[in-house]
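target_25.cif, holding mmCIF, C-alpha atoms:
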data_model
loop_
_atom_site.label_atom_id
_atom_site.label_comp_id
_atom_site.auth_asym_id
_atom_site.auth_seq_id
_atom_site.Cartn_x
_atom_site.Cartn_y
_atom_site.Cartn_z
CA MET A 26 66.50 25.45 -142.69
CA PHE A 27 66.09 22.46 -140.40
CA LYS A 28 68.24 19.82 -138.77
CA ALA A 29 68.24 16.14 -139.68
CA ILE A 30 70.07 12.90 -138.98
CA ILE A 31 71.85 11.86 -142.16
CA ILE A 32 73.24 8.37 -142.72
CA ASP A 33 75.79 8.07 -145.50
CA LYS A 34 78.02 5.33 -146.80
CA THR A 35 81.60 5.57 -147.99
CA ASP A 36 84.38 3.08 -148.67
CA ALA A 37 85.12 3.24 -144.94
CA GLY A 38 81.58 2.11 -144.07
CA GLN A 39 78.32 3.63 -142.87
CA ALA A 40 78.22 6.69 -140.61
CA ALA A 41 75.49 8.88 -139.09
CA ARG A 42 75.70 12.62 -138.45
CA ILE A 43 73.52 15.65 -137.81
CA ASP A 44 73.28 18.06 -140.73
CA THR A 45 71.34 21.19 -141.70
CA LEU A 46 69.03 20.96 -144.73
CA ASP A 47 66.46 23.10 -146.49
CA ASP A 48 63.27 22.31 -148.39
CA SER A 49 65.12 21.86 -151.67
CA ASP A 50 66.97 18.87 -150.19
CA LEU A 51 63.76 16.96 -149.47
CA PRO A 52 62.86 14.00 -151.71
CA ALA A 53 59.87 13.79 -154.04
CA GLY A 54 56.40 13.64 -152.52
CA ASN A 55 53.05 15.41 -152.63
CA VAL A 56 52.80 16.38 -148.94
CA THR A 57 55.35 18.29 -146.86
CA VAL A 58 55.01 17.85 -143.10
CA ARG A 59 56.56 19.95 -140.35
CA VAL A 60 57.67 17.16 -138.04
CA GLU A 61 57.02 17.87 -134.35
CA TYR A 62 58.00 14.49 -132.88
CA SER A 63 59.60 11.28 -134.01
CA THR A 64 60.99 8.27 -132.13
CA VAL A 65 63.88 5.85 -131.92
CA ASN A 66 62.53 2.35 -132.57
CA PHE A 67 64.46 -0.94 -132.56
CA LYS A 68 64.56 -0.82 -136.37
CA ASP A 69 65.95 2.73 -136.20
CA GLY A 70 68.67 1.43 -133.92
CA LEU A 71 69.59 -1.21 -136.51
CA ALA A 72 69.58 1.35 -139.31
CA ILE A 73 71.59 4.06 -137.53
CA THR A 74 74.26 1.71 -136.19
CA GLY A 75 74.41 -0.35 -139.36
CA ALA A 76 74.01 -3.54 -137.33
CA ILE A 77 71.85 -4.88 -140.18
CA PRO A 78 72.00 -3.40 -143.70
CA LEU A 79 68.42 -2.09 -143.70
CA ILE A 80 69.01 1.13 -145.63
CA GLN A 81 68.51 0.69 -149.35
CA SER A 82 69.80 4.03 -150.65
CA PHE A 83 72.17 6.71 -149.39
CA PRO A 84 72.17 9.37 -148.10
CA MET A 85 69.19 8.51 -145.88
CA VAL A 86 67.27 10.30 -143.15
CA PRO A 87 66.27 7.53 -140.69
CA GLY A 88 63.13 7.43 -138.61
CA ILE A 89 60.35 4.95 -139.38
CA ASP A 90 57.60 7.19 -137.99
CA PHE A 91 56.69 10.77 -137.21
CA ALA A 92 53.82 13.03 -136.19
CA GLY A 93 53.38 16.61 -137.25
CA VAL A 94 51.41 19.21 -139.15
CA VAL A 95 50.94 19.45 -142.91
CA GLU A 96 52.79 22.47 -144.24
CA ALA A 97 52.02 22.09 -147.97
CA SER A 98 49.99 19.57 -149.95
CA ASP A 99 49.20 18.62 -153.54
CA HIS A 100 47.22 15.61 -152.31
CA ALA A 101 43.41 15.75 -152.36
CA LYS A 102 43.03 14.34 -148.85
CA TRP A 103 45.35 16.76 -147.01
CA LYS A 104 45.58 20.50 -146.53
CA ALA A 105 47.91 22.80 -144.61
CA GLY A 106 47.25 22.59 -140.88
CA ASP A 107 46.12 18.94 -140.80
CA ARG A 108 47.65 16.88 -137.98
CA VAL A 109 49.01 13.60 -139.30
CA VAL A 110 50.96 10.53 -138.28
CA LEU A 111 53.02 8.18 -140.42
CA ASN A 112 54.18 4.64 -139.64
CA GLY A 113 56.22 2.44 -141.93
CA TRP A 114 55.84 2.40 -145.72
CA GLY A 115 59.64 2.11 -145.95
CA VAL A 116 60.41 5.58 -144.61
CA GLY A 117 63.83 5.60 -143.00
CA GLU A 118 64.82 2.66 -145.22
CA ARG A 119 63.87 3.45 -148.84
CA HIS A 120 62.48 6.97 -148.40
CA TRP A 121 63.64 9.77 -146.10
CA GLY A 122 62.08 9.39 -142.67
CA GLY A 123 61.07 11.28 -139.58
CA LEU A 124 64.30 12.17 -137.76
CA ALA A 125 64.34 15.63 -139.31
CA GLY A 126 62.52 18.92 -138.91
CA LYS A 127 60.55 18.29 -142.10
CA ALA A 128 59.49 15.32 -144.20
CA ARG A 129 58.09 15.11 -147.73
CA VAL A 130 56.10 11.95 -148.43
CA ASP A 131 53.29 10.38 -150.43
CA GLY A 132 50.02 11.56 -148.92
CA ASP A 133 48.59 8.05 -149.19
CA TRP A 134 50.98 7.02 -146.41
CA LEU A 135 49.53 9.45 -143.86
CA VAL A 136 46.80 8.85 -141.28
CA ARG A 137 44.85 11.62 -139.62
CA LEU A 138 45.87 11.92 -135.99
CA PRO A 139 42.92 11.29 -133.64
CA ASP A 140 41.86 14.34 -131.63
CA ALA A 141 42.50 12.35 -128.44
CA PHE A 142 46.28 12.59 -128.92
CA THR A 143 48.87 15.33 -129.12
CA THR A 144 51.69 14.78 -131.60
CA ARG A 145 53.94 14.01 -128.64
CA GLN A 146 51.52 11.34 -127.40
CA ALA A 147 51.27 9.96 -130.94
CA MET A 148 54.99 9.29 -130.91
CA ALA A 149 54.88 7.96 -127.37
CA ILE A 150 52.71 5.36 -129.08
CA GLY A 151 54.65 5.41 -132.34
CA THR A 152 55.11 2.45 -134.65
CA ALA A 153 55.69 0.21 -131.63
CA GLY A 154 52.32 1.06 -130.10
CA TYR A 155 50.55 0.97 -133.44
CA ALA A 156 52.04 -2.50 -134.04
CA ALA A 157 50.90 -3.54 -130.56
CA MET A 158 47.36 -2.48 -131.42
CA LEU A 159 47.51 -4.43 -134.68
CA CYS A 160 48.45 -7.48 -132.59
CA VAL A 161 45.56 -6.92 -130.17
CA LEU A 162 43.19 -6.60 -133.12
CA ARG A 163 44.56 -9.84 -134.56
CA LEU A 164 43.90 -11.69 -131.29
CA GLU A 165 40.37 -10.29 -131.20
CA LYS A 166 39.62 -11.15 -134.83
CA LEU A 167 40.87 -14.70 -134.33
CA GLY A 168 38.58 -15.12 -131.34
CA VAL A 169 40.59 -14.53 -128.15
CA LYS A 170 38.29 -12.96 -125.53
CA PRO A 171 39.15 -11.68 -122.03
CA GLY A 172 37.43 -14.61 -120.35
CA ASP A 173 39.29 -17.25 -122.35
CA GLY A 174 42.43 -17.25 -120.20
CA GLU A 175 45.77 -15.53 -119.76
CA VAL A 176 47.63 -13.65 -122.47
CA ILE A 177 51.42 -13.46 -122.40
CA VAL A 178 53.41 -10.53 -123.81
CA THR A 179 57.10 -11.14 -124.46
CA GLY A 180 59.66 -8.36 -124.63
CA ALA A 181 57.32 -6.64 -122.24
CA SER A 182 59.55 -3.69 -121.33
CA GLY A 183 59.94 -2.57 -124.94
CA GLY A 184 57.68 -0.24 -126.87
CA VAL A 185 55.40 -2.90 -128.38
CA GLY A 186 55.19 -4.82 -125.12
CA SER A 187 54.47 -1.76 -122.98
CA VAL A 188 51.55 -0.58 -125.11
CA ALA A 189 50.21 -4.12 -125.57
CA ILE A 190 50.05 -4.60 -121.80
CA ALA A 191 48.32 -1.27 -121.25
CA VAL A 192 45.70 -1.96 -123.93
CA LEU A 193 45.07 -5.60 -123.06
CA SER A 194 44.65 -4.88 -119.36
CA LYS A 195 42.18 -2.06 -120.07
CA LEU A 196 40.18 -4.44 -122.26
CA GLY A 197 39.93 -6.90 -119.36
CA TYR A 198 42.54 -9.51 -120.23
CA ARG A 199 44.77 -11.00 -117.55
CA VAL A 200 48.27 -10.26 -118.82
CA ALA A 201 51.57 -11.93 -117.97
CA ALA A 202 54.67 -9.90 -118.88
CA SER A 203 57.89 -11.67 -119.86
CA THR A 204 60.95 -9.47 -119.32
CA GLY A 205 64.66 -9.70 -118.71
CA ARG A 206 64.56 -6.70 -116.40
CA PRO A 207 63.08 -7.70 -113.03
CA GLU A 208 63.83 -4.20 -111.71
CA GLY A 209 61.10 -2.96 -114.05
CA ALA A 210 58.37 -5.06 -112.45
CA ASP A 211 56.66 -2.06 -110.84
CA TYR A 212 56.57 -0.28 -114.20
CA LEU A 213 54.95 -3.28 -115.91
CA LYS A 214 52.44 -3.78 -113.11
CA ALA A 215 51.49 -0.11 -113.29
CA LEU A 216 50.73 -0.65 -116.99
CA GLY A 217 48.44 -3.53 -116.04
CA ALA A 218 50.52 -6.71 -115.93
CA ALA A 219 49.15 -9.21 -113.42
CA GLU A 220 52.31 -11.33 -113.36
CA ILE A 221 55.99 -10.92 -114.24
CA ILE A 222 57.84 -13.83 -115.86
CA ASP A 223 61.63 -14.01 -116.16
CA ARG A 224 62.47 -14.19 -119.85
CA ASN A 225 65.17 -16.77 -119.12
CA THR A 226 62.43 -19.34 -118.51
CA LEU A 227 61.47 -19.00 -122.19
CA ALA A 228 64.75 -18.12 -123.88
CA GLU A 229 66.38 -21.57 -123.97
CA PRO A 230 65.40 -24.67 -125.96
CA GLY A 231 62.45 -26.45 -124.37
CA ALA A 232 60.19 -29.45 -124.87
CA PRO A 233 58.13 -29.36 -128.07
CA MET A 234 54.93 -29.67 -126.01
CA GLN A 235 54.66 -28.09 -122.56
CA ALA A 236 51.94 -27.56 -119.98
CA GLU A 237 49.02 -25.60 -121.45
CA ARG A 238 48.69 -22.09 -120.12
CA TRP A 239 48.12 -19.22 -122.55
CA ALA A 240 44.94 -18.42 -124.47
CA GLY A 241 46.74 -15.73 -126.43
CA ALA A 242 50.20 -14.28 -126.89
CA ILE A 243 51.89 -11.24 -128.38
CA ASP A 244 55.52 -12.01 -129.17
CA THR A 245 58.19 -9.46 -130.01
CA VAL A 246 61.20 -11.74 -129.47
CA GLY A 247 61.13 -14.72 -131.86
CA SER A 248 63.57 -17.66 -131.75
CA HIS A 249 63.36 -20.03 -128.75
CA THR A 250 61.10 -17.65 -126.83
CA LEU A 251 58.42 -17.81 -129.50
CA VAL A 252 58.82 -21.58 -129.80
CA ASN A 253 58.33 -22.06 -126.05
CA VAL A 254 55.32 -19.76 -126.03
CA CYS A 255 53.75 -21.84 -128.82
CA ALA A 256 54.51 -25.01 -126.86
CA GLN A 257 52.63 -23.58 -123.84
CA MET A 258 49.50 -22.44 -125.69
CA ARG A 259 46.14 -23.81 -124.69
CA TYR A 260 44.06 -25.71 -127.24
CA GLY A 261 43.01 -23.28 -129.96
CA GLY A 262 45.35 -20.55 -128.70
CA ILE A 263 46.42 -17.63 -130.89
CA VAL A 264 49.93 -16.17 -131.11
CA ALA A 265 50.49 -12.79 -132.80
CA ALA A 266 54.19 -12.44 -133.70
CA THR A 267 55.67 -9.07 -134.63
CA GLY A 268 59.31 -9.01 -133.51
CA LEU A 269 62.65 -10.78 -133.60
CA ALA A 270 64.70 -9.30 -130.77
CA GLN A 271 66.14 -12.73 -129.88
CA GLY A 272 66.52 -13.96 -133.44
CA ILE A 273 64.90 -14.73 -136.78
CA ASP A 274 65.12 -18.50 -136.34
CA LEU A 275 62.13 -20.65 -135.40
CA PRO A 276 63.47 -24.02 -134.15
CA ALA A 277 60.01 -25.48 -133.57
CA THR A 278 58.03 -28.64 -134.24
CA LEU A 279 54.54 -28.92 -135.71
CA TYR A 280 53.14 -30.49 -132.52
CA PRO A 281 51.47 -27.39 -131.01
CA PHE A 282 49.92 -26.40 -134.32
CA ILE A 283 48.53 -29.82 -135.17
CA LEU A 284 47.83 -31.39 -131.77
CA ARG A 285 46.55 -28.24 -130.03
CA ASN A 286 45.19 -26.34 -133.01
CA VAL A 287 47.47 -23.38 -132.21
CA THR A 288 47.59 -20.49 -134.70
CA LEU A 289 50.79 -18.51 -135.24
CA SER A 290 49.88 -15.29 -137.01
CA GLY A 291 52.46 -12.81 -138.26
CA VAL A 292 51.66 -9.11 -137.87
CA ASP A 293 53.30 -6.58 -140.20
CA SER A 294 53.10 -2.87 -139.46
CA VAL A 295 55.10 -1.51 -142.41
CA MET A 296 52.81 -2.28 -145.34
CA ALA A 297 49.51 -2.71 -143.49
CA PRO A 298 46.57 -1.40 -145.56
CA ARG A 299 45.02 1.97 -144.76
CA GLY A 300 41.88 0.45 -143.24
CA ASP A 301 43.91 -1.50 -140.68
CA ARG A 302 45.96 1.60 -139.84
CA GLU A 303 42.92 3.78 -139.30
CA GLU A 304 41.25 1.11 -137.19
CA ALA A 305 44.40 0.72 -135.05
CA TRP A 306 44.69 4.46 -134.38
CA SER A 307 40.96 4.74 -133.70
CA ARG A 308 41.14 1.90 -131.19
CA LEU A 309 44.25 3.36 -129.55
CA ALA A 310 42.31 6.57 -129.00
CA ARG A 311 39.59 4.52 -127.29
CA ASP A 312 41.48 1.74 -125.53
CA LEU A 313 44.80 3.25 -124.42
CA ASP A 314 44.80 5.34 -121.26
CA PRO A 315 46.76 8.53 -122.10
CA ALA A 316 47.85 8.77 -118.45
CA LYS A 317 49.80 5.52 -118.88
CA LEU A 318 51.66 6.92 -121.88
CA GLU A 319 53.65 9.36 -119.79
CA SER A 320 55.30 6.58 -117.78
CA MET A 321 56.58 5.06 -121.04
CA ILE A 322 58.26 8.21 -122.38
CA ARG A 323 61.88 9.29 -122.36
CA GLU A 324 62.08 12.50 -124.39
CA ILE A 325 65.35 13.40 -126.10
CA ALA A 326 66.65 15.98 -128.57
CA LEU A 327 67.82 15.19 -132.08
CA GLU A 328 71.42 15.48 -130.84
CA ASP A 329 70.85 12.49 -128.53
CA VAL A 330 69.49 10.15 -131.20
CA ILE A 331 72.72 8.58 -132.44
CA PRO A 332 73.94 7.33 -129.00
CA SER A 333 70.39 6.21 -128.15
CA ALA A 334 70.40 3.95 -131.22
CA GLY A 335 73.08 1.81 -129.60
CA ASP A 336 71.26 1.77 -126.27
CA ILE A 337 68.06 0.37 -127.76
CA LEU A 338 69.93 -2.52 -129.40
CA GLN A 339 71.61 -3.36 -126.09
CA GLY A 340 68.26 -3.60 -124.29
CA LYS A 341 68.94 -0.50 -122.18
CA VAL A 342 65.73 1.29 -123.19
CA ARG A 343 62.43 0.88 -121.37
CA GLY A 344 59.24 2.04 -123.04
CA ARG A 345 59.47 4.70 -125.71
CA ILE A 346 62.14 7.18 -126.80
CA VAL A 347 60.38 10.30 -128.11
CA VAL A 348 62.44 12.76 -130.15
CA ALA A 349 61.37 16.40 -130.01
CA LEU A 350 62.01 18.09 -133.35
#
Kindly transcribe the structure held in the file into structure tokens.
Amino acid sequence: MFKAIIIDKTDAGQAARIDTLDDSDLPAGNVTVRVEYSTVNFKDGLAITGAIPLIQSFPMVPGIDFAGVVEASDHAKWKAGDRVVLNGWGVGERHWGGLAGKARVDGDWLVRLPDAFTTRQAMAIGTAGYAAMLCVLRLEKLGVKPGDGEVIVTGASGGVGSVAIAVLSKLGYRVAASTGRPEGADYLKALGAAEIIDRNTLAEPGAPMQAERWAGAIDTVGSHTLVNVCAQMRYGGIVAATGLAQGIDLPATLYPFILRNVTLSGVDSVMAPRGDREEAWSRLARDLDPAKLESMIREIALEDVIPSAGDILQGKVRGRIVVAL
């Protein structure tokens, strides 16, 4: 028997609760994992509260990622005792996710956890940190080098932003952190941010072309913030976009893209191919200082998940919420 968050839908609407399940309740899959840690991500907050209708079938166990130990496997790649991590692939939306004591999934969705990390550290990184690493890799592959100029990270206090700052600074980039929480400046500087920028300077409509500043950018916010970042890119600058905390709209002009040769590159973490996933986790093991992870973590129990889902949507969460299963 194990505990799980269950989201169900009735005529009265969607509701989340904690329930007790056993192995026979688990969905189809060829690998059963004893989940040790999961997280509460922004997308989990949307799913649990029902703020956006993300869940495609009910009942659903939310949780878009987890780390744990293989308990049983009919998949050629995995055996009992293997330490694994899962990010995305629709878990917590189309397939039962990680906010439960056990998960049964397709073994093709799993990645071997690097020896450098405990399962707790893996979820301190979680999908947010894995997405951050995908963004860093995108900047690198499109040619942004540490000596090219400043890189801005928006939504800097969140999970993606926190890990992006830590990784970029270790790689030698000068990082500016855009945040709406000036009281968190010391936290961001400890992660490696060289400068703190008030998000209000980017959040409102601005000129279609602004003074050139950034060689690269990682954006988790979207809407006017992303548009202003694009308008401030240096010639040939690269923007990796992976979030929409401010909105899904993009009220931009073509000027930065045509006149300054700016590239806006979307980064998806849910359906990324296995090679990209393995590269991201390998690079995290090399380029993320584990000592910096601890400052990002707020550990909670499963019983605290449902109220935390509302907190993350209201911008009350700094860093990473790690759920001990």
| With only C-alpha atoms as the atoms that count, which of A:Pro332, A:Gly300, A:Pro171, A:Gly217 lies nearest to A:Ala189? |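 Smallest separation from A:Ala189 among the options: A:Gly217.
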Between stretch 125-214 of chain A and stretch 43-47 of chain A, at 9 Å or less, what are the per-residue closest atom pairs and their distances in Å? Count only C-alpha atoms, order by chain and rising residue number, and return it as JSON lines.
{"residue": "A:Ala125", "atom": "CA", "partner": "A:Leu46", "partner_atom": "CA", "distance": 8.9}
{"residue": "A:Gly126", "atom": "CA", "partner": "A:Leu46", "partner_atom": "CA", "distance": 9.0}
{"residue": "A:Lys127", "atom": "CA", "partner": "A:Asp47", "partner_atom": "CA", "distance": 8.8}
Using only C-alpha atoms, I'd like a table of the residues in stretch 78-185 of chain A that come within 6 Å of stretch 48-58 of chain A; for each, show the closest atom pair and its distance in Å rounded to one decimal, ordered by chain and ascending number, as CSV.
residue,atom,partner,partner_atom,distance
A:Val94,CA,A:Val58,CA,5.5
A:Val95,CA,A:Val58,CA,4.4
A:Glu96,CA,A:Val58,CA,5.3
A:Ala97,CA,A:Thr57,CA,5.2
A:Ser98,CA,A:Val56,CA,4.4
A:Asp99,CA,A:Asn55,CA,5.1
A:His100,CA,A:Asn55,CA,5.8
A:Lys127,CA,A:Val58,CA,5.6
A:Ala128,CA,A:Val58,CA,5.3
A:Arg129,CA,A:Thr57,CA,4.3
A:Val130,CA,A:Gly54,CA,4.4
A:Asp131,CA,A:Gly54,CA,5.0
A:Gly132,CA,A:Val56,CA,5.6
| task | Could you check how far atom CA of A:Gly122 sits from atom CA of A:Asp301, in Å to one decimal? | result | 21.3 Å
| Two-atom distance - atom CA of A:Asp90, atom CA of A:Asn112 (Å) |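 Going from atom CA of A:Asp90 over to atom CA of A:Asn112 covers 4.6 Å.
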Applied to the shown file, which residues does the PyMOL selection byres ((chain A and resi 222-227) around 9) return, written as a CSV table (one decimal) with C-alpha atoms, in the frame of the given file?
chain,number,residue,atom,x,y,z
A,179,THR,CA,57.1,-11.1,-124.5
A,180,GLY,CA,59.7,-8.4,-124.6
A,201,ALA,CA,51.6,-11.9,-118.0
A,202,ALA,CA,54.7,-9.9,-118.9
A,203,SER,CA,57.9,-11.7,-119.9
A,204,THR,CA,61.0,-9.5,-119.3
A,205,GLY,CA,64.7,-9.7,-118.7
A,206,ARG,CA,64.6,-6.7,-116.4
A,207,PRO,CA,63.1,-7.7,-113.0
A,220,GLU,CA,52.3,-11.3,-113.4
A,221,ILE,CA,56.0,-10.9,-114.2
A,228,ALA,CA,64.8,-18.1,-123.9
A,229,GLU,CA,66.4,-21.6,-124.0
A,230,PRO,CA,65.4,-24.7,-126.0
A,231,GLY,CA,62.4,-26.4,-124.4
A,249,HIS,CA,63.4,-20.0,-128.8
A,250,THR,CA,61.1,-17.6,-126.8
A,251,LEU,CA,58.4,-17.8,-129.5
A,252,VAL,CA,58.8,-21.6,-129.8
A,253,ASN,CA,58.3,-22.1,-126.0
A,254,VAL,CA,55.3,-19.8,-126.0
| task | Rank A:Val65, A:Leu289, A:Ile150, A:Ile263 by their smallest atom-to-atom distance to A:Glu165, using all atoms listed in the file, and report the top residue only. | result |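 Between A:Val65, A:Leu289, A:Ile150, A:Ile263, the residue approaching A:Glu165 most closely is A:Ile263.
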List every residue of stretch 140-208 of chain A that has an atom at most 10 Å from any atom of stretch 290-298 of chain A, giving for each one its closest atom pair and the distance in Å to one decimal, counting all atoms listed in the file, sorted by chain and then by ascending residue number, as JSON lines.
{"residue": "A:Thr152", "atom": "CA", "partner": "A:Ser294", "partner_atom": "CA", "distance": 7.4}
{"residue": "A:Ala153", "atom": "CA", "partner": "A:Ser294", "partner_atom": "CA", "distance": 8.8}
{"residue": "A:Tyr155", "atom": "CA", "partner": "A:Ser294", "partner_atom": "CA", "distance": 7.6}
{"residue": "A:Ala156", "atom": "CA", "partner": "A:Ser294", "partner_atom": "CA", "distance": 5.5}
{"residue": "A:Ala157", "atom": "CA", "partner": "A:Ser294", "partner_atom": "CA", "distance": 9.2}
{"residue": "A:Met158", "atom": "CA", "partner": "A:Ser294", "partner_atom": "CA", "distance": 9.9}
{"residue": "A:Leu159", "atom": "CA", "partner": "A:Val292", "partner_atom": "CA", "distance": 7.0}
{"residue": "A:Cys160", "atom": "CA", "partner": "A:Val292", "partner_atom": "CA", "distance": 6.4}
{"residue": "A:Arg163", "atom": "CA", "partner": "A:Val292", "partner_atom": "CA", "distance": 7.9}
{"residue": "A:Leu164", "atom": "CA", "partner": "A:Ser290", "partner_atom": "CA", "distance": 9.0}
{"residue": "A:Leu167", "atom": "CA", "partner": "A:Ser290", "partner_atom": "CA", "distance": 9.4}
Could you please fill out stretch 83-104 of chain A with N, CA and C atoms and send it back as a PDB file, in the coordinates of the input?
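Below is the file part-v4.pdb, written as the result:
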ATOM      1  N   PHE A  83      71.452   5.710-150.189  1.00  0.00           N
ATOM      2  CA  PHE A  83      72.170   6.710-149.390  1.00  0.00           C
ATOM      3  C   PHE A  83      72.280   7.995-150.208  1.00  0.00           C
ATOM      4  N   PRO A  84      72.335   9.166-149.550  1.00  0.00           N
ATOM      5  CA  PRO A  84      72.170   9.370-148.100  1.00  0.00           C
ATOM      6  C   PRO A  84      70.725   9.125-147.684  1.00  0.00           C
ATOM      7  N   MET A  85      70.520   8.826-146.395  1.00  0.00           N
ATOM      8  CA  MET A  85      69.190   8.510-145.880  1.00  0.00           C
ATOM      9  C   MET A  85      68.947   9.256-144.572  1.00  0.00           C
ATOM     10  N   VAL A  86      67.744   9.805-144.433  1.00  0.00           N
ATOM     11  CA  VAL A  86      67.270  10.300-143.150  1.00  0.00           C
ATOM     12  C   VAL A  86      66.510   9.157-142.483  1.00  0.00           C
ATOM     13  N   PRO A  87      66.975   8.635-141.338  1.00  0.00           N
ATOM     14  CA  PRO A  87      66.270   7.530-140.690  1.00  0.00           C
ATOM     15  C   PRO A  87      65.012   8.019-139.988  1.00  0.00           C
ATOM     16  N   GLY A  88      64.347   7.084-139.342  1.00  0.00           N
ATOM     17  CA  GLY A  88      63.130   7.430-138.610  1.00  0.00           C
ATOM     18  C   GLY A  88      61.921   6.811-139.263  1.00  0.00           C
ATOM     19  N   ILE A  89      61.428   5.698-138.723  1.00  0.00           N
ATOM     20  CA  ILE A  89      60.350   4.950-139.380  1.00  0.00           C
ATOM     21  C   ILE A  89      58.970   5.512-139.072  1.00  0.00           C
ATOM     22  N   ASP A  90      58.907   6.576-138.264  1.00  0.00           N
ATOM     23  CA  ASP A  90      57.600   7.190-137.990  1.00  0.00           C
ATOM     24  C   ASP A  90      57.780   8.644-137.598  1.00  0.00           C
ATOM     25  N   PHE A  91      56.688   9.391-137.680  1.00  0.00           N
ATOM     26  CA  PHE A  91      56.690  10.770-137.210  1.00  0.00           C
ATOM     27  C   PHE A  91      55.263  11.260-137.078  1.00  0.00           C
ATOM     28  N   ALA A  92      55.111  12.342-136.318  1.00  0.00           N
ATOM     29  CA  ALA A  92      53.820  13.030-136.190  1.00  0.00           C
ATOM     30  C   ALA A  92      54.084  14.513-136.339  1.00  0.00           C
ATOM     31  N   GLY A  93      53.178  15.189-137.034  1.00  0.00           N
ATOM     32  CA  GLY A  93      53.380  16.610-137.250  1.00  0.00           C
ATOM     33  C   GLY A  93      52.196  17.251-137.931  1.00  0.00           C
ATOM     34  N   VAL A  94      52.457  18.388-138.556  1.00  0.00           N
ATOM     35  CA  VAL A  94      51.410  19.210-139.150  1.00  0.00           C
ATOM     36  C   VAL A  94      51.738  19.428-140.629  1.00  0.00           C
ATOM     37  N   VAL A  95      50.744  19.238-141.477  1.00  0.00           N
ATOM     38  CA  VAL A  95      50.940  19.450-142.910  1.00  0.00           C
ATOM     39  C   VAL A  95      51.274  20.914-143.171  1.00  0.00           C
ATOM     40  N   GLU A  96      52.362  21.113-143.889  1.00  0.00           N
ATOM     41  CA  GLU A  96      52.790  22.470-144.240  1.00  0.00           C
ATOM     42  C   GLU A  96      52.368  22.834-145.662  1.00  0.00           C
ATOM     43  N   ALA A  97      52.431  21.867-146.583  1.00  0.00           N
ATOM     44  CA  ALA A  97      52.020  22.090-147.970  1.00  0.00           C
ATOM     45  C   ALA A  97      51.551  20.760-148.545  1.00  0.00           C
ATOM     46  N   SER A  98      50.543  20.813-149.426  1.00  0.00           N
ATOM     47  CA  SER A  98      49.990  19.570-149.950  1.00  0.00           C
ATOM     48  C   SER A  98      49.463  19.747-151.371  1.00  0.00           C
ATOM     49  N   ASP A  99      49.806  18.766-152.227  1.00  0.00           N
ATOM     50  CA  ASP A  99      49.200  18.620-153.540  1.00  0.00           C
ATOM     51  C   ASP A  99      48.363  17.351-153.601  1.00  0.00           C
ATOM     52  N   HIS A 100      48.016  16.841-152.416  1.00  0.00           N
ATOM     53  CA  HIS A 100      47.220  15.610-152.310  1.00  0.00           C
ATOM     54  C   HIS A 100      45.788  15.999-151.921  1.00  0.00           C
ATOM     55  N   ALA A 101      44.808  15.369-152.552  1.00  0.00           N
ATOM     56  CA  ALA A 101      43.410  15.750-152.360  1.00  0.00           C
ATOM     57  C   ALA A 101      42.934  15.578-150.924  1.00  0.00           C
ATOM     58  N   LYS A 102      43.521  14.642-150.190  1.00  0.00           N
ATOM     59  CA  LYS A 102      43.030  14.340-148.850  1.00  0.00           C
ATOM     60  C   LYS A 102      43.543  15.315-147.791  1.00  0.00           C
ATOM     61  N   TRP A 103      44.684  15.992-148.069  1.00  0.00           N
ATOM     62  CA  TRP A 103      45.350  16.760-147.010  1.00  0.00           C
ATOM     63  C   TRP A 103      45.478  18.234-147.384  1.00  0.00           C
ATOM     64  N   LYS A 104      45.390  19.064-146.358  1.00  0.00           N
ATOM     65  CA  LYS A 104      45.580  20.500-146.530  1.00  0.00           C
ATOM     66  C   LYS A 104      46.485  21.019-145.419  1.00  0.00           C
TER      67      LYS A 104
END
